[in-house]
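Listing of structure.csv, CSV, C-alpha atoms
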```
chain,number,residue,atom,x,y,z
A,1,MET,CA,6.9,-100.3,23.7
A,2,ASN,CA,4.7,-101.2,26.7
A,3,GLU,CA,4.7,-104.8,25.6
A,4,LEU,CA,8.4,-104.8,25.6
A,5,VAL,CA,8.7,-103.2,29.0
A,6,PHE,CA,6.1,-105.7,30.3
A,7,LYS,CA,8.3,-108.6,29.2
A,8,TYR,CA,11.4,-107.0,30.6
A,9,LEU,CA,9.6,-106.5,34.0
A,10,LEU,CA,8.7,-110.2,33.9
A,11,ARG,CA,12.3,-111.1,33.3
A,12,ILE,CA,13.6,-109.3,36.4
A,13,SER,CA,10.6,-109.9,38.7
A,14,ASP,CA,10.5,-113.6,37.9
A,15,SER,CA,14.2,-113.9,38.7
A,16,GLY,CA,13.6,-112.5,42.2
A,17,LEU,CA,10.5,-114.5,42.7
A,18,ILE,CA,12.0,-117.9,41.8
A,19,LEU,CA,15.1,-117.2,43.8
A,20,ALA,CA,13.0,-116.2,46.8
A,21,GLN,CA,10.9,-119.4,46.5
A,22,ARG,CA,14.1,-121.4,46.3
A,23,ILE,CA,15.8,-119.8,49.4
A,24,SER,CA,12.7,-119.7,51.4
A,25,ALA,CA,12.9,-123.6,51.5
A,26,TRP,CA,15.8,-123.0,54.0
A,27,THR,CA,13.4,-121.4,56.4
A,28,GLY,CA,13.5,-123.5,59.6
A,29,HIS,CA,16.4,-125.5,58.3
A,30,GLY,CA,19.2,-122.9,58.4
A,31,PRO,CA,22.6,-123.8,59.9
A,32,PHE,CA,21.7,-121.8,63.0
A,33,LEU,CA,19.0,-119.5,64.2
A,34,GLU,CA,20.6,-116.2,63.3
A,35,GLU,CA,21.5,-117.3,59.8
A,36,ASP,CA,18.1,-118.9,59.3
A,37,LEU,CA,16.5,-115.5,60.0
A,38,ALA,CA,19.1,-113.7,57.8
A,39,LEU,CA,18.3,-115.8,54.7
A,40,THR,CA,14.5,-115.6,55.4
A,41,ASN,CA,14.8,-111.8,55.5
A,42,ILE,CA,16.5,-111.9,52.1
A,43,ALA,CA,13.8,-114.1,50.7
A,44,LEU,CA,11.2,-111.6,52.0
A,45,ASP,CA,13.1,-108.7,50.3
A,46,LEU,CA,13.1,-110.5,47.0
A,47,PHE,CA,9.4,-111.4,47.3
A,48,GLY,CA,8.6,-107.7,48.1
A,49,ARG,CA,10.5,-106.4,45.1
A,50,SER,CA,8.9,-108.9,42.8
A,51,ARG,CA,5.5,-107.9,44.0
A,52,SER,CA,6.2,-104.2,43.2
A,53,LEU,CA,7.5,-105.2,39.7
A,54,LEU,CA,4.7,-107.6,38.9
A,55,ASP,CA,2.1,-105.1,40.1
A,56,TYR,CA,3.6,-102.5,37.8
A,57,ALA,CA,3.8,-105.0,34.9
A,58,GLY,CA,0.1,-105.8,35.3
A,59,ASN,CA,-0.8,-102.1,35.1
A,60,LEU,CA,1.3,-101.6,32.0
A,61,GLU,CA,-0.2,-104.7,30.3
A,62,GLY,CA,-3.6,-103.3,30.9
A,63,LYS,CA,-5.5,-106.6,30.9
A,64,GLY,CA,-6.3,-106.3,34.6
A,65,ARG,CA,-3.9,-109.0,35.7
A,66,SER,CA,-2.9,-108.6,39.4
A,67,GLU,CA,0.5,-109.4,40.8
A,68,ASP,CA,-0.9,-112.7,42.1
A,69,GLU,CA,-2.4,-113.7,38.8
A,70,LEU,CA,1.0,-113.0,37.1
A,71,ALA,CA,2.8,-115.0,39.8
A,72,PHE,CA,0.5,-118.0,40.2
A,73,PHE,CA,-1.3,-118.4,36.8
A,74,ARG,CA,1.6,-118.4,34.3
A,75,ASN,CA,3.2,-121.6,33.2
A,76,GLU,CA,6.9,-122.5,32.8
A,77,ARG,CA,6.9,-121.4,29.2
A,78,HIS,CA,5.8,-117.9,30.3
A,79,TYR,CA,8.4,-117.5,33.0
A,80,TYR,CA,11.5,-115.5,32.2
A,81,ASN,CA,13.7,-115.9,35.3
A,82,HIS,CA,17.4,-116.6,34.9
A,83,LEU,CA,18.3,-120.2,34.9
A,84,ILE,CA,20.7,-119.8,37.9
A,85,CYS,CA,17.8,-118.7,40.1
A,86,GLU,CA,16.0,-122.1,39.7
A,87,GLN,CA,19.1,-124.3,40.4
A,88,PRO,CA,18.8,-126.4,43.5
A,89,ASN,CA,19.8,-125.2,46.9
A,90,GLY,CA,22.4,-128.0,47.4
A,91,ASP,CA,24.4,-127.4,50.5
A,92,TYR,CA,24.9,-124.0,52.2
A,93,ALA,CA,28.0,-123.3,50.1
A,94,GLN,CA,26.0,-123.8,46.9
A,95,THR,CA,23.1,-121.6,48.2
A,96,MET,CA,25.6,-118.8,49.1
A,97,LEU,CA,27.6,-119.0,45.9
A,98,ARG,CA,24.4,-118.9,43.8
A,99,GLN,CA,23.3,-115.9,45.9
A,100,ALA,CA,26.7,-114.2,45.5
A,101,PHE,CA,26.5,-114.6,41.7
A,102,VAL,CA,23.0,-113.1,41.6
A,103,ASP,CA,23.6,-110.4,44.2
A,104,ALA,CA,26.7,-109.1,42.3
A,105,PHE,CA,24.6,-109.1,39.1
A,106,GLU,CA,21.6,-107.4,40.7
A,107,LEU,CA,23.5,-104.7,42.4
A,108,LEU,CA,25.0,-103.6,39.1
A,109,LEU,CA,21.7,-104.0,37.2
A,110,TYR,CA,19.5,-102.2,39.7
A,111,THR,CA,22.0,-99.4,40.3
A,112,GLU,CA,21.7,-98.7,36.5
A,113,LEU,CA,17.9,-99.2,36.5
A,114,SER,CA,17.6,-96.6,39.3
A,115,LYS,CA,18.6,-94.1,36.6
A,116,SER,CA,16.0,-95.4,34.1
A,117,LYS,CA,13.8,-93.1,32.0
A,118,ASP,CA,10.9,-95.1,33.3
A,119,GLN,CA,10.3,-93.4,36.6
A,120,THR,CA,8.3,-96.2,38.3
A,121,LEU,CA,11.0,-98.7,37.4
A,122,ALA,CA,13.7,-96.2,38.6
A,123,ALA,CA,11.9,-95.8,41.9
A,124,ILE,CA,11.5,-99.5,42.6
A,125,ALA,CA,15.1,-100.0,41.6
A,126,ALA,CA,16.4,-97.2,43.9
A,127,LYS,CA,14.7,-98.9,46.9
A,128,SER,CA,16.1,-102.3,45.9
A,129,VAL,CA,19.7,-101.1,45.6
A,130,LYS,CA,19.8,-100.6,49.4
A,131,GLU,CA,18.5,-104.1,50.0
A,132,ILE,CA,20.8,-105.8,47.5
A,133,THR,CA,23.8,-104.0,48.9
A,134,TYR,CA,23.1,-105.8,52.1
A,135,HIS,CA,22.4,-109.1,50.4
A,136,LYS,CA,25.7,-109.0,48.6
A,137,ARG,CA,27.6,-108.2,51.8
A,138,HIS,CA,26.0,-111.2,53.4
A,139,SER,CA,26.6,-113.7,50.6
A,140,PHE,CA,30.1,-112.5,49.8
A,141,SER,CA,31.2,-112.9,53.4
A,142,TRP,CA,29.9,-116.4,53.4
A,143,VAL,CA,31.7,-117.3,50.2
A,144,LYS,CA,34.9,-116.0,51.6
A,145,ARG,CA,34.4,-117.9,54.8
A,146,PHE,CA,33.9,-121.2,52.8
A,147,GLY,CA,36.8,-120.5,50.6
A,148,ASN,CA,39.2,-119.8,53.5
A,149,GLY,CA,37.8,-122.1,56.1
A,150,THR,CA,38.6,-125.8,56.3
A,151,GLN,CA,39.5,-128.2,53.5
A,152,GLU,CA,35.9,-129.4,53.6
A,153,SER,CA,34.4,-126.0,53.3
A,154,PHE,CA,36.7,-125.2,50.4
A,155,THR,CA,35.9,-128.5,48.6
A,156,ARG,CA,32.2,-127.7,49.0
A,157,LEU,CA,32.6,-124.2,47.5
A,158,GLN,CA,34.7,-125.7,44.7
A,159,ASN,CA,32.0,-128.2,43.9
A,160,ALA,CA,29.3,-125.5,44.0
A,161,PHE,CA,31.4,-123.5,41.6
A,162,HIS,CA,31.5,-126.3,39.1
A,163,GLU,CA,27.8,-126.9,39.5
A,164,LEU,CA,26.8,-123.2,39.1
A,165,TRP,CA,29.3,-121.5,36.8
A,166,PRO,CA,27.8,-122.8,33.5
A,167,TYR,CA,24.5,-121.1,34.4
A,168,THR,CA,26.0,-117.6,35.0
A,169,GLY,CA,26.2,-116.7,31.3
A,170,ASP,CA,22.4,-116.9,31.0
A,171,MET,CA,22.1,-113.7,33.1
A,172,PHE,CA,23.6,-111.7,30.3
A,173,GLU,CA,21.2,-112.9,27.6
A,174,PRO,CA,18.9,-110.1,26.5
A,175,ILE,CA,15.3,-110.6,25.7
A,176,GLU,CA,14.1,-110.0,22.1
A,177,GLY,CA,14.0,-106.3,21.5
A,178,GLU,CA,15.9,-105.3,24.6
A,179,THR,CA,18.3,-103.2,22.5
A,180,ASP,CA,15.4,-100.9,21.8
A,181,LEU,CA,14.9,-100.4,25.6
A,182,VAL,CA,18.7,-99.8,25.9
A,183,LYS,CA,18.5,-97.1,23.2
A,184,ASN,CA,15.6,-95.4,24.8
A,185,GLY,CA,17.5,-95.2,28.2
A,186,PHE,CA,15.0,-97.5,29.9
A,187,VAL,CA,17.4,-100.3,30.8
A,188,PRO,CA,21.2,-100.7,30.8
A,189,ASP,CA,23.3,-102.7,28.3
A,190,LEU,CA,23.9,-106.1,29.7
A,191,GLN,CA,27.3,-106.4,28.0
A,192,LYS,CA,28.6,-103.5,30.1
A,193,ILE,CA,27.2,-105.1,33.3
A,194,LYS,CA,28.9,-108.4,32.3
A,195,THR,CA,32.3,-106.8,32.2
A,196,ASP,CA,31.9,-105.3,35.7
A,197,TRP,CA,30.4,-108.5,37.0
A,198,GLU,CA,33.2,-110.6,35.8
A,199,LYS,CA,35.8,-108.4,37.5
A,200,ILE,CA,33.9,-108.4,40.8
A,201,ILE,CA,33.4,-112.2,40.7
A,202,LYS,CA,37.0,-112.8,39.7
A,203,ASP,CA,38.3,-110.8,42.7
A,204,LEU,CA,35.9,-112.7,45.0
A,205,LEU,CA,36.9,-116.1,43.8
A,206,GLU,CA,40.6,-115.2,43.8
A,207,GLU,CA,40.3,-114.5,47.5
A,208,CYS,CA,38.9,-118.1,47.8
A,209,ASN,CA,41.6,-119.7,45.7
A,210,ILE,CA,39.2,-120.5,42.9
A,211,ARG,CA,40.3,-119.7,39.3
A,212,LEU,CA,37.8,-118.9,36.6
A,213,PRO,CA,37.9,-121.5,33.9
A,214,GLU,CA,38.0,-120.4,30.3
A,215,ASN,CA,35.8,-121.6,27.4
A,216,VAL,CA,33.2,-123.3,29.6
A,217,TYR,CA,29.9,-124.2,27.8
A,218,MET,CA,27.3,-121.8,29.1
A,219,HIS,CA,23.6,-122.8,29.3
A,220,SER,CA,21.1,-120.3,28.0
A,221,GLY,CA,17.4,-120.1,27.1
A,222,SER,CA,15.6,-118.2,29.9
A,223,ALA,CA,15.4,-115.1,27.8
A,224,LYS,CA,13.1,-117.2,25.5
A,225,ALA,CA,11.4,-118.8,28.5
A,226,LEU,CA,13.2,-122.1,28.0
A,227,HIS,CA,14.2,-123.6,31.4
A,228,THR,CA,16.0,-126.4,33.1
A,229,GLU,CA,14.0,-129.3,34.5
A,230,HIS,CA,13.8,-127.6,37.9
A,231,LEU,CA,11.4,-124.8,37.2
A,232,GLY,CA,8.4,-127.0,36.6
A,233,PHE,CA,8.7,-128.5,40.1
A,234,ILE,CA,9.2,-125.1,41.7
A,235,LEU,CA,6.0,-123.7,40.0
A,236,ALA,CA,4.0,-126.8,40.8
A,237,GLU,CA,4.7,-126.3,44.5
A,238,MET,CA,4.4,-122.5,44.5
A,239,GLN,CA,1.2,-122.4,42.5
A,240,SER,CA,-0.7,-125.4,43.8
A,241,LEU,CA,-2.6,-123.6,46.5
A,242,PRO,CA,-3.9,-120.6,44.5
A,243,ARG,CA,-4.7,-122.9,41.6
A,244,ALA,CA,-6.7,-125.3,43.8
A,245,TYR,CA,-8.4,-122.4,45.7
A,246,PRO,CA,-8.3,-119.4,43.3
A,247,GLU,CA,-10.3,-117.2,45.7
A,248,ALA,CA,-8.2,-118.0,48.8
A,249,LYS,CA,-7.1,-115.1,50.9
A,250,TRP,CA,-4.4,-115.0,53.5
B,251,MET,CA,18.5,-126.7,63.4
B,252,SER,CA,21.5,-128.5,64.9
B,253,MET,CA,21.4,-129.0,68.6
B,254,SER,CA,25.2,-129.4,69.0
B,255,ASP,CA,26.9,-126.2,70.0
B,256,ASN,CA,28.8,-125.4,66.8
B,257,GLN,CA,27.3,-122.0,66.2
B,258,GLY,CA,30.3,-119.9,67.3
B,259,PRO,CA,30.7,-117.8,70.4
B,260,LEU,CA,28.1,-115.5,71.9
B,261,TRP,CA,28.0,-111.7,71.3
B,262,GLU,CA,25.9,-109.2,73.3
B,263,VAL,CA,23.9,-106.8,71.2
B,264,PHE,CA,23.3,-103.1,72.0
B,265,VAL,CA,20.9,-101.0,69.9
B,266,GLN,CA,20.8,-97.2,69.8
B,267,LYS,CA,17.4,-95.9,68.8
B,268,LYS,CA,18.4,-92.5,67.8
B,269,SER,CA,21.7,-90.6,67.6
B,270,GLY,CA,22.6,-89.2,71.0
B,271,GLN,CA,20.6,-91.8,73.0
B,272,PRO,CA,22.3,-94.5,75.0
B,273,TYR,CA,22.9,-98.0,73.5
B,274,VAL,CA,20.5,-100.4,75.1
B,275,HIS,CA,21.2,-104.1,75.6
B,276,CYS,CA,18.6,-106.1,73.7
B,277,GLY,CA,19.9,-109.7,73.6
B,278,ASN,CA,22.7,-111.8,72.1
B,279,VAL,CA,23.6,-113.7,68.9
B,280,HIS,CA,26.0,-116.4,67.8
B,281,ALA,CA,28.7,-115.6,65.3
B,282,PHE,CA,32.1,-116.7,64.3
B,283,ASP,CA,33.6,-113.3,63.8
B,284,LYS,CA,33.0,-109.5,64.2
B,285,GLU,CA,31.5,-109.0,60.7
B,286,MET,CA,29.1,-111.9,61.1
B,287,ALA,CA,28.2,-110.8,64.6
B,288,LEU,CA,27.2,-107.4,63.3
B,289,GLN,CA,25.2,-108.8,60.4
B,290,ASN,CA,23.4,-111.3,62.6
B,291,ALA,CA,22.6,-108.6,65.1
B,292,ARG,CA,21.2,-106.5,62.3
B,293,ASP,CA,19.1,-109.4,61.0
B,294,VAL,CA,17.8,-110.5,64.4
B,295,TYR,CA,17.3,-107.2,66.3
B,296,THR,CA,16.6,-104.4,63.8
B,297,ARG,CA,14.0,-105.9,61.5
B,298,ARG,CA,11.3,-103.5,62.7
B,299,ASN,CA,13.1,-100.2,62.8
B,300,GLU,CA,14.4,-100.7,66.3
B,301,GLY,CA,17.5,-98.6,65.8
B,302,MET,CA,20.0,-96.6,63.8
B,303,SER,CA,23.2,-98.0,65.2
B,304,LEU,CA,24.5,-101.2,66.7
B,305,TRP,CA,27.2,-102.5,69.0
B,306,VAL,CA,28.2,-106.1,69.3
B,307,VAL,CA,30.5,-107.1,72.1
B,308,PRO,CA,32.0,-110.6,72.8
B,309,SER,CA,30.0,-111.9,75.7
B,310,GLU,CA,33.1,-113.1,77.4
B,311,ALA,CA,34.4,-109.5,77.4
B,312,ILE,CA,31.6,-108.6,79.8
B,313,VAL,CA,32.5,-108.8,83.5
B,314,ALA,CA,29.3,-109.1,85.6
B,315,SER,CA,28.7,-108.9,89.4
B,316,SER,CA,27.2,-112.1,90.8
B,317,PRO,CA,23.9,-112.4,92.8
B,318,GLU,CA,25.8,-113.2,96.0
B,319,ASP,CA,27.5,-109.8,95.7
B,320,ILE,CA,24.2,-107.9,96.2
B,321,GLY,CA,24.7,-107.5,99.9
B,322,SER,CA,28.2,-106.2,99.9
B,323,PHE,CA,27.9,-104.3,96.6
B,324,PHE,CA,24.6,-102.5,96.7
B,325,GLU,CA,22.9,-102.6,100.1
B,326,PRO,CA,25.3,-100.2,101.9
B,327,ALA,CA,24.0,-97.5,99.6
B,328,ASN,CA,20.5,-97.9,101.0
B,329,ASP,CA,21.1,-95.9,104.2
B,330,LYS,CA,23.3,-93.2,102.7
B,331,ILE,CA,20.6,-90.7,102.0
B,332,PHE,CA,23.1,-87.9,102.0
B,333,ARG,CA,24.2,-89.2,98.6
B,334,HIS,CA,21.0,-88.2,97.0
B,335,PRO,CA,20.8,-84.5,96.1
B,336,THR,CA,17.5,-84.0,98.0
B,337,PHE,CA,19.0,-81.3,100.3
B,338,TYR,CA,19.2,-78.8,97.4
B,339,GLN,CA,16.6,-76.7,95.7
B,340,ILE,CA,16.7,-77.5,92.0
B,341,PRO,CA,15.8,-74.4,90.0
B,342,ASP,CA,12.8,-74.9,87.8
B,343,GLY,CA,14.8,-74.2,84.6
B,344,VAL,CA,16.9,-77.3,85.1
B,345,GLY,CA,14.1,-79.7,84.2
B,346,HIS,CA,14.6,-83.4,84.5
B,347,MET,CA,17.6,-84.5,86.5
```

Structure re-expressed in structure tokens:
Amino acid sequence: MNELVFKYLLRISDSGLILAQRISAWTGHGPFLEEDLALTNIALDLFGRSRSLLDYAGNLEGKGRSEDELAFFRNERHYYNHLICEQPNGDYAQTMLRQAFVDAFELLLYTELSKSKDQTLAAIAAKSVKEITYHKRHSFSWVKRFGNGTQESFTRLQNAFHELWPYTGDMFEPIEGETDLVKNGFVPDLQKIKTDWEKIIKDLLEECNIRLPENVYMHSGSAKALHTEHLGFILAEMQSLPRAYPEAKW
Amino acid sequence: MSMSDNQGPLWEVFVQKKSGQPYVHCGNVHAFDKEMALQNARDVYTRRNEGMSLWVVPSEAIVASSPEDIGSFFEPANDKIFRHPTFYQIPDGVGHM
């Protein structure tokens, strides 16, 4: 069972870690100072959460791997983050829509995880729910602003939607054996979360005059650690320093 | 960061440290609407537990006295010592006033 919880913890912590790495690339390049700070704060929240989860995962695994070792010394084929988290930042509409998709998912997921039978996971999740509630408020207000702004902002949101939508299905792919965790009350059933998520996103996009398409091909694979071409580059950048200087402290 | 001024109007930010205490001006933010102003104020000025409550006010809603008004506005109060309650004995129990 511990092995299964370990893998589940990697799945959720990797998603936060890779998304944080992605959005932290905006630091110093935001549309204006206040927004630059806002998105950097969100990246820091995600890094913080992933640290707690990876630390706990390392303890459960019992092989003495620290959070840093798990973050910096695993390869692409051992990362379980959702595909959507590794998609490029694009323009600000794309970054905010990706964030809105993930925030809506995470708020539902972590709200359920805060009731987990695993008390450590429940405690980490309870703390995260407050952060994610704010993240969602921030990203949703940006998406609505793009959707109802100018013709250009709407076109950018529409393009971002076509780019990102096929990666949303992957968030609801369970890892092998996840049904056992659901049965034991450790984690929620993703199918239930999917229904709620679709309703929330449908309402958001309707406010932006974007209609959800039917029968779109959905990419998947991250539950088996199969990724798009982007993850390798993200890891190369993120891991280069600790791999070159394994004892480095900062 | 774009140097052209397309960041929206300015808003003044006031933070209240604890319930019951006055709101203290701490700076300003750019934002396009009320919701964004509140979020930006939260992100810029309350990152280190500075407060429990926020006000944001459009900067243009603030009417300020100008430096050249100092003479006519404030100096006449200098020699009106009778306006200070120094002619009364304040009972010990009153404490800070």

ask   = Residues around (19.3, -123.7, 39.1), cut-off 10 Å, counting all atoms listed in the file - what are they as JSON, numbers by chain?
value = {"A": [18, 19, 22, 82, 83, 84, 85, 86, 87, 88, 89, 90, 98, 163, 164, 167, 168, 227, 228, 229, 230, 231]}

remark   = The residue from B:Gly301, B:Ala314, B:Pro341, B:Trp261 with the smallest atom-to-atom distance to B:Ala287, counting all atoms listed in the file, is B:Trp261

request  = Report as number ranges by chain the set of chain A residues whose atoms approach chain B to within 8 Å, with distances computed over all atoms listed in the file.
outcome  = A: 28-35, 37-38, 41, 138

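Counting from atom CA of A:Leu46, the distance to atom CA of A:Leu121 is 15.4 Å.
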
request  = Calculate how many Å separate atom CA of A:Ser114 from atom CA of A:Ser220, rounding to one decimal.
outcome  =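 If I compute the distance from atom CA of A:Ser114 to atom CA of A:Ser220, I get 26.5 Å.
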
Straight-line distance linking atom CA of A:Gln239 with atom CA of A:Phe47, stated in Å to one decimal = 14.5 Å

key: Exercise: A:His78 partners within 12 Å, only C-alpha atoms, chain neighbours under 5 positions left out, as a list in words   =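 Residues near the query, excluding close chain neighbours: Lys7, Leu10, Arg11, Asp14, Leu70, Ala71, Phe72, Phe73, Ser222, Ala223, Lys224, Ala225, Leu226, His227, Leu231, Gly232 and Leu235 of chain A.
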
task = With a distance cut-off of 8 Å and only C-alpha atoms, select the neighbouring residues of stretch 182-199 of chain A, excluding the residue or stretch itself and same-chain residues fewer than 5 positions from it, and output the selection as a PyMOL selection string.
result = chain A and resi 104-105+108-109+112-113+116-118+172-174

remark   = Among A:Ile210, A:Ala244, A:Met1, A:Leu204, A:Glu61 is approached most closely, using only C-alpha atoms, by A:Met1

key: Expected answer as a list in words: all residues with atoms within 10 Å of (18.0, -96.0, 65.5), all atoms listed in the file   =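 All residues meeting the 10 Å criterion around (18.0, -96.0, 65.5) are Val265, Gln266, Lys267, Lys268, Ser269, Gly270, Gln271, Tyr273, Thr296, Asn299, Glu300, Gly301, Met302, Ser303 and Leu304 of chain B.
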
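If you count all atoms listed in the file and ignore residues fewer than 4 places along the chain from B:Asn278, what sits within 9 Å of it is Leu260, Trp261, Glu262, Val263, Phe264, Ala291, Val306 and Ser309 of chain B.
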
Reconstructed N, CA and C atoms for stretch 210-235 of chain A, given as a compact mmCIF listing (two decimals), in the coordinates of the input:
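Saved file rebuild-v1.txt follows:
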```
# COMPACT_ATOMS: atom_id res chain seq x y z
N ILE A 210 39.89 -119.86 43.98
CA ILE A 210 39.20 -120.50 42.90
C ILE A 210 39.50 -119.72 41.60
N ARG A 211 40.03 -120.40 40.59
CA ARG A 211 40.30 -119.70 39.30
C ARG A 211 39.23 -119.89 38.34
N LEU A 212 38.90 -118.81 37.63
CA LEU A 212 37.80 -118.90 36.60
C LEU A 212 38.32 -119.71 35.44
N PRO A 213 37.55 -120.72 35.05
CA PRO A 213 37.90 -121.50 33.90
C PRO A 213 37.65 -120.72 32.60
N GLU A 214 38.32 -121.08 31.54
CA GLU A 214 38.00 -120.40 30.30
C GLU A 214 37.28 -121.40 29.37
N ASN A 215 36.52 -120.83 28.44
CA ASN A 215 35.80 -121.60 27.40
C ASN A 215 34.91 -122.71 28.02
N VAL A 216 34.17 -122.37 29.05
CA VAL A 216 33.20 -123.30 29.60
C VAL A 216 31.89 -123.16 28.81
N TYR A 217 31.24 -124.27 28.51
CA TYR A 217 29.90 -124.20 27.80
C TYR A 217 28.94 -123.51 28.77
N MET A 218 28.25 -122.48 28.27
CA MET A 218 27.30 -121.80 29.10
C MET A 218 25.85 -122.13 28.62
N HIS A 219 25.02 -122.55 29.58
CA HIS A 219 23.60 -122.80 29.30
C HIS A 219 22.92 -121.46 29.02
N SER A 220 21.89 -121.47 28.19
CA SER A 220 21.10 -120.30 28.00
C SER A 220 19.67 -120.68 27.67
N GLY A 221 18.80 -119.73 27.50
CA GLY A 221 17.40 -120.10 27.10
C GLY A 221 16.35 -119.31 27.84
N SER A 222 16.68 -118.83 29.06
CA SER A 222 15.60 -118.20 29.90
C SER A 222 15.06 -116.95 29.24
N ALA A 223 15.87 -116.27 28.43
CA ALA A 223 15.40 -115.10 27.80
C ALA A 223 14.23 -115.41 26.80
N LYS A 224 14.17 -116.69 26.40
CA LYS A 224 13.10 -117.20 25.50
C LYS A 224 12.13 -118.06 26.33
N ALA A 225 12.21 -117.98 27.66
CA ALA A 225 11.40 -118.80 28.50
C ALA A 225 11.59 -120.29 28.39
N LEU A 226 12.82 -120.66 28.06
CA LEU A 226 13.20 -122.10 28.00
C LEU A 226 14.01 -122.37 29.29
N HIS A 227 13.61 -123.42 30.02
CA HIS A 227 14.20 -123.60 31.40
C HIS A 227 14.79 -125.00 31.55
N THR A 228 15.51 -125.13 32.68
CA THR A 228 16.00 -126.40 33.10
C THR A 228 14.84 -127.22 33.69
N GLU A 229 15.08 -128.49 34.01
CA GLU A 229 14.00 -129.30 34.50
C GLU A 229 13.44 -128.88 35.84
N HIS A 230 14.17 -127.99 36.54
CA HIS A 230 13.80 -127.60 37.90
C HIS A 230 12.57 -126.73 38.01
N LEU A 231 12.40 -125.83 37.04
CA LEU A 231 11.40 -124.80 37.20
C LEU A 231 9.98 -125.37 37.33
N GLY A 232 9.69 -126.41 36.55
CA GLY A 232 8.40 -127.00 36.60
C GLY A 232 7.98 -127.45 38.02
N PHE A 233 8.95 -128.05 38.72
CA PHE A 233 8.70 -128.50 40.10
C PHE A 233 8.48 -127.33 41.04
N ILE A 234 9.29 -126.30 40.86
CA ILE A 234 9.20 -125.10 41.70
C ILE A 234 7.77 -124.50 41.55
N LEU A 235 7.35 -124.34 40.29
CA LEU A 235 6.00 -123.70 40.00
C LEU A 235 4.91 -124.61 40.55
```
